[in-house]
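**Student:** Shown below is the structure under consideration.
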Amino acid sequence: MKMRKVVPAMLALAMVTACGGPQKDATYENATKLREAVTASGVECPGDAVKHDDNYGEDYIKCSETLSLAVYGKDSEADLSKTVHDLSKDTYLMGTRWIIQSADSSTLTKLKEKLGGTLTIS
């Protein structure tokens, strides 16, 4: 009889843990979903105008003058050389089909702890 009470409690705990925030090294279907993960990680991204570039298979959001997000439809389309846009930043966090650019390496370090990915600081 005690076992019946423990199993639902364990399931509830597992659901809370799974929904507790962004997952490391996740794949995002678009820039809006990546923005949700970024803001859930404690980094502000007030920009919400998504631009889609069919040439590069990319969704793009410029959060601010120092932060931008890009999500690609295929792994092969995620390329740092194409992601420069109008920001002249040399610091990137690159995950599975997504790239975050920022002039602030501490912001990207914080996001890496929550989202995973590879940090490139030039």
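Naming works like this for the structure tokens: A, B, ... for the chains as they're shown, residue 1 at the start of each chain, ligands 1 onward in shown order.
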Got a sec: who's within 10 Å of Lys24 of chain A, counting only C-alpha atoms, leaving out chain neighbours fewer than 3 positions off, as an MDAnalysis selection string?
**Tutor:** chainID A and resid 21 27 37 95 111:117
**Student:** List the neighbours of Asp90 of chain A out to 8 Å using only C-alpha atoms; skip same-chain residues closer than 3 positions along the sequence, and give me the result as a VMD selection string.
**Tutor:** chain A and resid 101 to 103 120 to 122
**Student:** Would you output that residue set with N, CA and C atoms, as a JSON list (two decimals), in the first residue's frame?
**Tutor:**
[["chain", "number", "residue", "atom", "x", "y", "z"],
["A", 101, "GLN", "N", 25.31, 34.84, -30.49],
["A", 101, "GLN", "CA", 26.41, 35.79, -30.57],
["A", 101, "GLN", "C", 26.27, 36.82, -29.47],
["A", 102, "SER", "N", 27.39, 37.20, -28.86],
["A", 102, "SER", "CA", 27.35, 38.26, -27.86],
["A", 102, "SER", "C", 28.72, 38.91, -27.73],
["A", 103, "ALA", "N", 28.71, 40.19, -27.43],
["A", 103, "ALA", "CA", 29.95, 40.90, -27.13],
["A", 103, "ALA", "C", 30.41, 40.59, -25.70],
["A", 120, "THR", "N", 33.12, 29.88, -28.19],
["A", 120, "THR", "CA", 34.25, 30.34, -28.99],
["A", 120, "THR", "C", 34.46, 31.82, -28.66],
["A", 121, "ILE", "N", 35.62, 32.13, -28.12],
["A", 121, "ILE", "CA", 35.95, 33.52, -27.79],
["A", 121, "ILE", "C", 37.20, 33.88, -28.58],
["A", 122, "SER", "N", 37.09, 34.88, -29.45],
["A", 122, "SER", "CA", 38.24, 35.30, -30.27],
["A", 122, "SER", "C", 38.81, 36.59, -29.73]]
**Student:** With only C-alpha atoms as the basis for distance, which of A:Cys63, A:Met94, A:Ala40, A:Leu119 is at the shortest distance from Gln23 of chain A?
**Tutor:**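 Nearest candidate to Gln23 of chain A out of A:Cys63, A:Met94, A:Ala40, A:Leu119: A:Ala40.
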**Student:** Out of A:Pro22, A:Thr66, A:Gly73, A:Thr96, which residue has the shortest atom-to-atom distance to Gly42 of chain A when counting only C-alpha atoms?
**Tutor:**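 For Gly42 of chain A, the nearest of the candidates is A:Pro22.
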**Student:** As a PyMOL selection string, please: the residues near segment 59-62 of chain A (cut-off 8 Å, only C-alpha atoms, same-chain neighbours under 2 positions excluded).
**Tutor:** chain A and resi 30-32+47-53+57+64-65+67-72
**Student:** Mind giving me the straight-line distance from atom CA of Lys110 of chain A to atom CA of Val38 of chain A in Å, one decimal?
**Tutor:**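 Rounded to one decimal, the two atoms are 9.9 Å apart.
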**Student:** Mind giving me the straight-line distance from atom CA of Asn55 of chain A to atom CA of Tyr92 of chain A in Å, one decimal?
**Tutor:**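 Straight-line distance from atom CA of Asn55 of chain A to atom CA of Tyr92 of chain A works out to 21.3 Å.
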**Student:** Give the strand (DSSP E) residues of segment 45-75 of chain A, as DSSP finds them on the backbone, and put them as a list in words.
**Tutor:**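 Here is the list: Val50, Lys51, His52, Asp53, Glu58, Asp59, Tyr60, Ile61, Lys62, Cys63, Ser64, Leu67, Ser68, Leu69, Ala70, Val71 and Tyr72 of chain A.
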**Student:** Atom CA of Ser41 of chain A and atom CA of Tyr56 of chain A, how far apart in Å?
**Tutor:**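 Value for the atom CA of Tyr56 of chain A-atom CA of Ser41 of chain A distance: 27.0 Å.
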